Each structure stands twice: as C-alpha cells, then as structure tokens.
file input-v9.tsv (TSV, C-alpha atoms)
chain	number	residue	atom	x	y	z
X	88	GLY	CA	1.20	-2.84	-6.48
X	89	GLY	CA	-2.51	-3.40	-7.04
X	90	THR	CA	-3.16	-4.34	-3.43
X	91	GLN	CA	-6.89	-3.63	-3.61
X	92	GLY	CA	-7.26	-6.29	-6.31
X	93	LYS	CA	-5.36	-9.09	-4.60
X	94	VAL	CA	-6.57	-11.80	-2.24
X	95	ASN	CA	-4.96	-12.70	1.11
X	96	ASN	CA	-5.03	-9.12	2.42
X	97	GLY	CA	-3.13	-7.85	-0.61
X	98	CYS	CA	-0.52	-10.64	-0.71
X	99	GLY	CA	-1.98	-12.93	-3.36
X	100	CYS	CA	-3.05	-12.95	-7.00
X	101	ILE	CA	-5.30	-10.44	-8.76
X	102	GLN	CA	-8.90	-11.63	-8.70
X	103	GLY	CA	-12.38	-10.29	-9.47
X	104	ARG	CA	-13.52	-6.71	-9.90
X	105	ILE	CA	-12.35	-3.82	-7.75
X	106	GLY	CA	-12.81	-0.10	-7.34
X	107	ASP	CA	-16.33	0.05	-5.93
X	108	GLN	CA	-17.82	-1.24	-2.69
X	109	LYS	CA	-20.76	-2.73	-4.58
X	110	TYR	CA	-18.41	-5.42	-5.87
X	111	CYS	CA	-17.77	-6.65	-2.33
X	112	ASN	CA	-20.88	-8.83	-2.56
X	113	GLU	CA	-19.51	-10.73	-5.56
X	114	SER	CA	-18.12	-14.17	-4.78
X	115	ASP	CA	-14.80	-13.58	-6.56
X	116	CYS	CA	-14.17	-10.18	-4.96
X	117	PRO	CA	-10.63	-10.12	-3.50
X	118	TYR	CA	-12.02	-8.66	-0.28
X	119	ASN	CA	-13.89	-11.94	0.36
X	120	ASN	CA	-10.61	-13.84	-0.06
X	121	LYS	CA	-12.07	-17.06	-1.47
X	122	VAL	CA	-10.52	-19.69	-3.75
X	123	PRO	CA	-11.98	-20.24	-7.24
X	124	PRO	CA	-13.89	-21.79	-8.83
X	125	ASP	CA	-16.34	-22.50	-6.00
X	126	PHE	CA	-15.34	-19.55	-3.80
X	127	THR	CA	-16.19	-21.39	-0.60
X	128	GLN	CA	-12.71	-22.00	0.84
X	129	THR	CA	-10.68	-19.15	2.33
X	130	SER	CA	-7.38	-18.43	0.58
X	131	THR	CA	-4.20	-19.59	2.32
X	132	ASP	CA	-0.48	-19.39	1.58
X	133	THR	CA	-0.71	-22.46	-0.67
X	134	SER	CA	-3.96	-21.67	-2.50
X	135	LYS	CA	-3.99	-21.56	-6.29
X	136	ASN	CA	-4.90	-17.87	-6.17
X	137	VAL	CA	-1.92	-17.06	-3.93
X	138	GLU	CA	1.09	-19.36	-4.44
X	139	PRO	CA	1.44	-18.81	-8.24
X	140	CYS	CA	2.04	-15.10	-7.63
X	141	VAL	CA	4.92	-15.29	-5.14
X	142	CYS	CA	7.92	-13.39	-6.56
X	143	THR	CA	10.47	-15.47	-4.64
X	144	LYS	CA	9.14	-18.71	-6.19
X	145	HIS	CA	8.48	-17.48	-9.72
X	146	GLU	CA	11.39	-15.39	-10.95
X	147	ASN	CA	9.84	-14.94	-14.38
X	148	LEU	CA	7.13	-12.80	-12.78
X	149	ARG	CA	9.48	-10.38	-11.08
X	150	PRO	CA	8.62	-6.95	-12.49
X	151	LEU	CA	11.09	-4.88	-14.46
X	152	ASN	CA	8.93	-1.74	-14.42
X	153	TRP	CA	5.79	-0.23	-12.92
X	154	GLU	CA	3.51	-1.73	-15.56
X	155	HIS	CA	4.21	-5.26	-14.27
X	156	SER	CA	4.41	-4.45	-10.57
X	157	VAL	CA	1.11	-6.25	-9.97
X	158	ASP	CA	2.32	-9.55	-11.46
X	159	CYS	CA	3.69	-10.92	-8.20
X	160	PHE	CA	4.28	-10.05	-4.55
X	161	TRP	CA	7.16	-10.47	-2.11
X	162	PRO	CA	6.11	-12.19	1.16
X	163	GLY	CA	6.89	-10.24	4.30
X	164	ALA	CA	6.92	-11.24	7.94
X	165	ALA	CA	3.10	-11.23	8.14
X	166	PHE	CA	2.43	-12.89	4.77
X	167	TYR	CA	0.30	-15.68	6.27
X	168	PRO	CA	0.49	-15.74	10.10
X	169	PRO	CA	-0.75	-19.33	10.64
X	170	ASN	CA	2.41	-20.60	8.90
X	171	LYS	CA	5.94	-19.31	9.23
X	172	HIS	CA	7.59	-17.89	6.12
X	173	ASN	CA	10.90	-16.23	5.39
X	174	ASP	CA	10.70	-12.45	5.27
X	175	SER	CA	11.70	-11.42	1.74
X	176	THR	CA	11.55	-7.68	2.36
X	177	HIS	CA	15.29	-7.23	1.84
X	178	ALA	CA	15.18	-9.29	-1.37
X	179	MET	CA	12.32	-7.10	-2.59
X	180	LEU	CA	14.21	-3.89	-1.82
X	181	LYS	CA	17.34	-5.20	-3.53
X	182	TRP	CA	15.37	-6.11	-6.67
X	183	ARG	CA	13.55	-2.80	-6.63
X	184	THR	CA	16.69	-0.66	-6.37
X	185	GLN	CA	18.40	-2.71	-9.09
X	186	HIS	CA	15.58	-1.69	-11.45
X	187	GLN	CA	15.23	1.89	-10.31
X	188	LYS	CA	16.32	3.39	-13.62
X	189	ASP	CA	14.59	1.04	-16.04
X	190	PRO	CA	12.39	3.23	-18.28
X	191	ASN	CA	8.74	2.47	-18.83
X	192	TRP	CA	8.43	3.22	-22.52
X	193	GLN	CA	4.72	2.36	-22.65
X	194	ASP	CA	3.85	4.76	-19.83
X	195	PRO	CA	6.61	7.36	-19.31
X	196	LYS	CA	4.60	9.18	-16.64
X	197	HIS	CA	5.10	6.25	-14.27
X	198	ASP	CA	8.80	6.79	-13.72
X	199	PRO	CA	10.26	4.09	-11.41
X	200	LEU	CA	11.65	6.83	-9.18
X	201	SER	CA	8.12	8.09	-8.48
X	202	PHE	CA	5.93	5.00	-8.65
X	203	TRP	CA	5.99	1.27	-7.88
X	204	ASN	CA	6.80	1.78	-4.21
X	205	GLU	CA	4.01	0.04	-2.32
X	206	VAL	CA	4.48	-1.97	0.87
X	207	VAL	CA	1.50	-3.75	2.44
X	208	LEU	CA	1.04	-3.59	6.20
X	209	ASP	CA	-0.73	-6.27	8.23
X	210	GLY	CA	-4.06	-4.67	9.08
X	211	HIS	CA	-4.65	-7.04	12.00
X	212	ARG	CA	-1.37	-6.10	13.67
X	213	LEU	CA	-2.00	-2.44	12.87
X	214	LYS	CA	-5.31	-2.51	14.75
X	215	GLU	CA	-3.62	-4.15	17.72
X	216	GLU	CA	-0.98	-1.42	17.85
X	217	LEU	CA	-3.58	1.30	17.45
X	218	ALA	CA	-5.35	-0.03	20.53
X	219	LYS	CA	-2.08	0.17	22.50
X	220	ASP	CA	-0.72	3.55	21.35
X	221	PRO	CA	-2.70	5.14	18.50
X	222	ALA	CA	-0.67	8.36	18.15
X	223	ALA	CA	2.62	6.46	17.95
X	224	THR	CA	1.18	3.98	15.45
X	225	ILE	CA	-0.24	6.68	13.14
X	226	PRO	CA	1.61	9.86	14.13
X	227	ALA	CA	0.18	11.97	11.29
X	228	ILE	CA	-2.19	12.04	8.33
X	229	ILE	CA	-0.51	12.85	5.00
X	230	TYR	CA	-2.44	14.27	2.05
X	231	ASP	CA	-1.74	15.39	-1.51
X	232	PRO	CA	-3.80	18.50	-2.44
X	233	THR	CA	-3.56	17.67	-6.15
X	234	VAL	CA	-5.50	14.42	-5.78
X	235	HIS	CA	-8.79	16.07	-4.82
X	236	GLY	CA	-10.02	19.54	-4.05
X	237	HIS	CA	-11.18	18.44	-0.61
X	238	ALA	CA	-8.04	16.48	0.30
X	239	LYS	CA	-7.17	18.72	3.23
X	240	GLN	CA	-10.69	18.56	4.62
X	241	GLU	CA	-10.62	14.77	4.37
X	242	ALA	CA	-7.27	14.64	6.16
X	243	LEU	CA	-8.67	16.82	8.95
X	244	ARG	CA	-11.75	14.61	9.18
X	245	LEU	CA	-9.63	11.47	9.46
X	246	ALA	CA	-7.52	13.05	12.20
X	247	LYS	CA	-10.61	14.10	14.17
X	248	ASP	CA	-12.26	10.70	13.68
X	249	MET	CA	-9.11	9.05	14.99
X	250	GLN	CA	-9.09	11.39	17.99
X	251	LYS	CA	-12.69	10.47	18.80
X	252	GLU	CA	-12.21	6.74	18.20
X	253	TYR	CA	-9.18	6.43	20.47
X	254	GLY	CA	-9.83	9.21	22.98
X	255	LEU	CA	-6.79	11.29	22.06
X	256	TYR	CA	-6.13	14.62	23.78
X	257	LYS	CA	-5.94	16.27	20.36
X	258	PRO	CA	-5.95	15.13	16.71
X	259	VAL	CA	-2.71	13.92	15.17
X	260	PRO	CA	-1.22	16.54	12.81
X	261	ILE	CA	-1.92	16.63	9.10
X	262	ILE	CA	0.98	16.91	6.65
X	263	LYS	CA	0.74	18.19	3.11
X	264	ILE	CA	3.05	16.73	0.46
X	265	ASP	CA	4.10	18.94	-2.44
X	266	THR	CA	4.54	16.51	-5.34
X	267	SER	CA	5.76	19.29	-7.65
X	268	ILE	CA	9.11	19.44	-5.83
X	269	PRO	CA	11.90	17.28	-7.38
X	270	VAL	CA	13.31	15.09	-4.60
X	271	SER	CA	16.03	13.15	-6.44
X	272	SER	CA	18.75	15.39	-4.96
X	273	GLY	CA	17.92	14.17	-1.47
X	274	GLU	CA	17.82	17.74	-0.18
X	275	ALA	CA	14.26	18.69	-1.08
X	276	ARG	CA	11.65	19.54	1.54
X	277	PRO	CA	8.31	18.39	0.10
X	278	PHE	CA	6.49	17.86	3.41
X	279	ILE	CA	4.58	20.69	5.09
X	280	ALA	CA	3.23	20.20	8.61
X	281	GLU	CA	0.12	22.33	8.86
X	282	THR	CA	-1.41	23.84	11.98
X	283	ASP	CA	-4.18	26.38	12.35
X	284	ASP	CA	-1.87	29.35	12.02
X	285	GLU	CA	1.37	28.18	10.43
X	286	GLU	CA	3.08	25.88	7.98
X	287	LEU	CA	6.34	24.17	8.88
X	288	LEU	CA	8.57	22.84	6.09
X	289	PHE	CA	10.66	19.69	6.59
call {"tool": "encode", "arguments": {"input": "input-v9.tsv", "output": "structure tokens"}}
result
Amino acid sequence: GGTQGKVNNGCGCIQGRIGDQKYCNESDCPYNNKVPPDFTQTSTDTSKNVEPCVCTKHENLRPLNWEHSVDCFWPGAAFYPPNKHNDSTHAMLKWRTQHQKDPNWQDPKHDPLSFWNEVVLDGHRLKEELAKDPAATIPAIIYDPTVHGHAKQEALRLAKDMQKEYGLYKPVPIIKIDTSIPVSSGEARPFIAETDDEELLF
C-alpha cells in the first residue's frame, strides 16, 4: 500500500509529501528517489530509506490489517534490477491470505476482503511490453463510476490516447466495475464491458 509515497518506484520506505505534482520539485519527494539527509544519491536496494522497510527482513513490520499495510513491502522479481533478489510474491500472498479475516477495529470500512490488495508493477518493463504489443499488455481500461462523475469519460479518453500513442486499429475496451455487488460468494458478476450500444456482464 501507499505506493505513491514510497521511494524506489514504490518498493521502499515512505518519504516526503505526496498527493500533488507541485511536491515533485521537493528534494525529499519519493518521485525523485533520493537518499536523506542530503538527497543527492539515488536510492538502491541497500539504502537507508529502502532496506529498513523490507517485510522479509523485518518481521515486526509485517502488517496485520489495512491500517499498517504501508509499513513495509515485499520484494518482487523486479525489486531492484541491478541486483538479483529472491521473489517474495508467494510469501506475500501467503501472509495476506492468513490475515484475510483480521478486523480493522479503528477503520471498519477498510475490510481486509476489500482493501489492502496492491501489487506494484515495474513501470520500465511495462513500457517495454507496451512497445511490443500494447493491446495485449493493457487489454482494457477499468473504471469505477462511484469514484468521480466523469470516470467513464476519463476511461474513454485513456483508451483513445492509448490508441493514438501506439497506432492501434481501435481503442481497447473500457470496463465498468460495480463495487456495490458482494463478491465473496465467488459467483458475482461485477464487471461490465461497455460498447457504444450494449453492456456485457461477466
């Protein structure tokens, strides 16, 4: 969780202010990925603003609920490409499912079944794959209409921008997600693929 506030492309410690592009010019902004206190060296896998927040090395930081999901991160295959690291994705998933039912008494709205489910992708590899086969890399744009009144329009804009950027024959489809549908049964159909003249449930 809290990717936008962490250094090393989201796989590091929380640092600086976030939430507005104007903060990107600040030396401690996580986007700039620099090591305190001088903020001149680029963060690496062993930097003091990265290593102390590795879940596999610091078991006391492993979160028990959503509230503490930002306390540490689980290194994946692309954690820090210059150096080889073990992929702890399976360890992360095991820990996460073991704490699936732990209540969050301080913030009941953030039920573990609905939140605390973030996985960070390597943006560099993503761009490489987009250059090779954009529609297979991002096959659709998903949006939640309850987030913003113009969510659908933004999804359409993203799809058309992607079509223009990569020379696609047509935009990738947009998919609406209905977050009001309970999905714990495993049989719900919350996704709606939208076209100009129809809606397909799946």
call {"tool": "residues_around", "arguments": {"input": "input-v9.tsv", "residues": "X:Thr143", "least_positions_apart": "2", "cutoff": "9 Å", "atoms": "only C-alpha atoms", "output": "CSV table (one decimal) with C-alpha atoms, in the coordinates of the input"}}
result
chain,number,residue,atom,x,y,z
X,140,CYS,CA,2.0,-15.1,-7.6
X,141,VAL,CA,4.9,-15.3,-5.1
X,145,HIS,CA,8.5,-17.5,-9.7
X,146,GLU,CA,11.4,-15.4,-11.0
X,149,ARG,CA,9.5,-10.4,-11.1
X,159,CYS,CA,3.7,-10.9,-8.2
X,160,PHE,CA,4.3,-10.0,-4.6
X,161,TRP,CA,7.2,-10.5,-2.1
X,162,PRO,CA,6.1,-12.2,1.2
X,175,SER,CA,11.7,-11.4,1.7
X,178,ALA,CA,15.2,-9.3,-1.4
X,179,MET,CA,12.3,-7.1,-2.6
call {"tool": "closest_residue", "arguments": {"input": "input-v9.tsv", "among": "X:Ala246, X:Ile262, X:Ile268, X:Ala165", "to": "X:Ala222", "atoms": "all atoms listed in the file"}}
result
X:Ala246
call {"tool": "atom_distance", "arguments": {"input": "input-v9.tsv", "atom1": "atom CA of X:Pro232", "atom2": "atom CA of X:Gly210"}}
result
25.9 Å
call {"tool": "atom_distance", "arguments": {"input": "input-v9.tsv", "atom1": "atom CA of X:Val270", "atom2": "atom CA of X:Trp153"}}
result
19.0 Å
call {"tool": "residues_around", "arguments": {"input": "input-v9.tsv", "residues": "X:Tyr256", "least_positions_apart": "2", "cutoff": "12 Å", "atoms": "all atoms listed in the file", "output": "PyMOL selection string"}}
result
chain X and resi 221-222+246-247+249-254+258-259
call {"tool": "atom_distance", "arguments": {"input": "input-v9.tsv", "atom1": "atom CA of X:Glu281", "atom2": "atom CA of X:Pro260"}}
result
7.1 Å
call {"tool": "residues_around", "arguments": {"input": "input-v9.tsv", "residues": "stretch 198-208 of chain X", "least_positions_apart": "6", "cutoff": "9 Å", "atoms": "only C-alpha atoms", "output": "PyMOL selection string"}}
result
chain X and resi 88-90+96-98+152-154+156+163+165+183+186-191+271
call {"tool": "axis_aligned_box", "arguments": {"input": "input-v9.tsv", "around": "stretch 198-203 of chain X", "padding_each_side": "6 Å", "output": "AutoDock Vina command-line options"}}
result
--center_x 8.8 --center_y 4.7 --center_z -10.8 --size_x 17.7 --size_y 18.8 --size_z 17.8
call {"tool": "residues_near_point", "arguments": {"input": "input-v9.tsv", "point": "(-2.2, 16.6, -5.9)", "cutoff": "9 Å", "atoms": "all atoms listed in the file", "output": "PyMOL selection string"}}
result
chain X and resi 230-236+238+264-267
call {"tool": "write_last_selection", "arguments": {"input": "input-v9.tsv", "atoms": "C-alpha atoms", "output": "CSV table (one decimal), keeping the file's coordinate frame"}}
result
chain,number,residue,atom,x,y,z
X,230,TYR,CA,-2.4,14.3,2.0
X,231,ASP,CA,-1.7,15.4,-1.5
X,232,PRO,CA,-3.8,18.5,-2.4
X,233,THR,CA,-3.6,17.7,-6.2
X,234,VAL,CA,-5.5,14.4,-5.8
X,235,HIS,CA,-8.8,16.1,-4.8
X,236,GLY,CA,-10.0,19.5,-4.0
X,238,ALA,CA,-8.0,16.5,0.3
X,264,ILE,CA,3.0,16.7,0.5
X,265,ASP,CA,4.1,18.9,-2.4
X,266,THR,CA,4.5,16.5,-5.3
X,267,SER,CA,5.8,19.3,-7.6
call {"tool": "residues_near_point", "arguments": {"input": "input-v9.tsv", "point": "(1.7, -22.0, -5.8)", "cutoff": "12 Å", "atoms": "only C-alpha atoms", "output": "PDB file with C-alpha atoms, in the coordinates of the input"}}
result
ATOM      1  CA  GLY X  99      -1.980 -12.930  -3.360  1.00  0.00           C
ATOM      2  CA  CYS X 100      -3.050 -12.950  -7.000  1.00  0.00           C
ATOM      3  CA  SER X 130      -7.380 -18.430   0.580  1.00  0.00           C
ATOM      4  CA  THR X 131      -4.200 -19.590   2.320  1.00  0.00           C
ATOM      5  CA  ASP X 132      -0.480 -19.390   1.580  1.00  0.00           C
ATOM      6  CA  THR X 133      -0.710 -22.460  -0.670  1.00  0.00           C
ATOM      7  CA  SER X 134      -3.960 -21.670  -2.500  1.00  0.00           C
ATOM      8  CA  LYS X 135      -3.990 -21.560  -6.290  1.00  0.00           C
ATOM      9  CA  ASN X 136      -4.900 -17.870  -6.170  1.00  0.00           C
ATOM     10  CA  VAL X 137      -1.920 -17.060  -3.930  1.00  0.00           C
ATOM     11  CA  GLU X 138       1.090 -19.360  -4.440  1.00  0.00           C
ATOM     12  CA  PRO X 139       1.440 -18.810  -8.240  1.00  0.00           C
ATOM     13  CA  CYS X 140       2.040 -15.100  -7.630  1.00  0.00           C
ATOM     14  CA  VAL X 141       4.920 -15.290  -5.140  1.00  0.00           C
ATOM     15  CA  CYS X 142       7.920 -13.390  -6.560  1.00  0.00           C
ATOM     16  CA  THR X 143      10.470 -15.470  -4.640  1.00  0.00           C
ATOM     17  CA  LYS X 144       9.140 -18.710  -6.190  1.00  0.00           C
ATOM     18  CA  HIS X 145       8.480 -17.480  -9.720  1.00  0.00           C
ATOM     19  CA  CYS X 159       3.690 -10.920  -8.200  1.00  0.00           C
TER      20      CYS X 159
END
call {"tool": "closest_residue", "arguments": {"input": "input-v9.tsv", "among": "X:Gln108, X:Gln102, X:Ser272, X:Gln91", "to": "X:Lys121", "atoms": "all atoms listed in the file"}}
result
X:Gln102
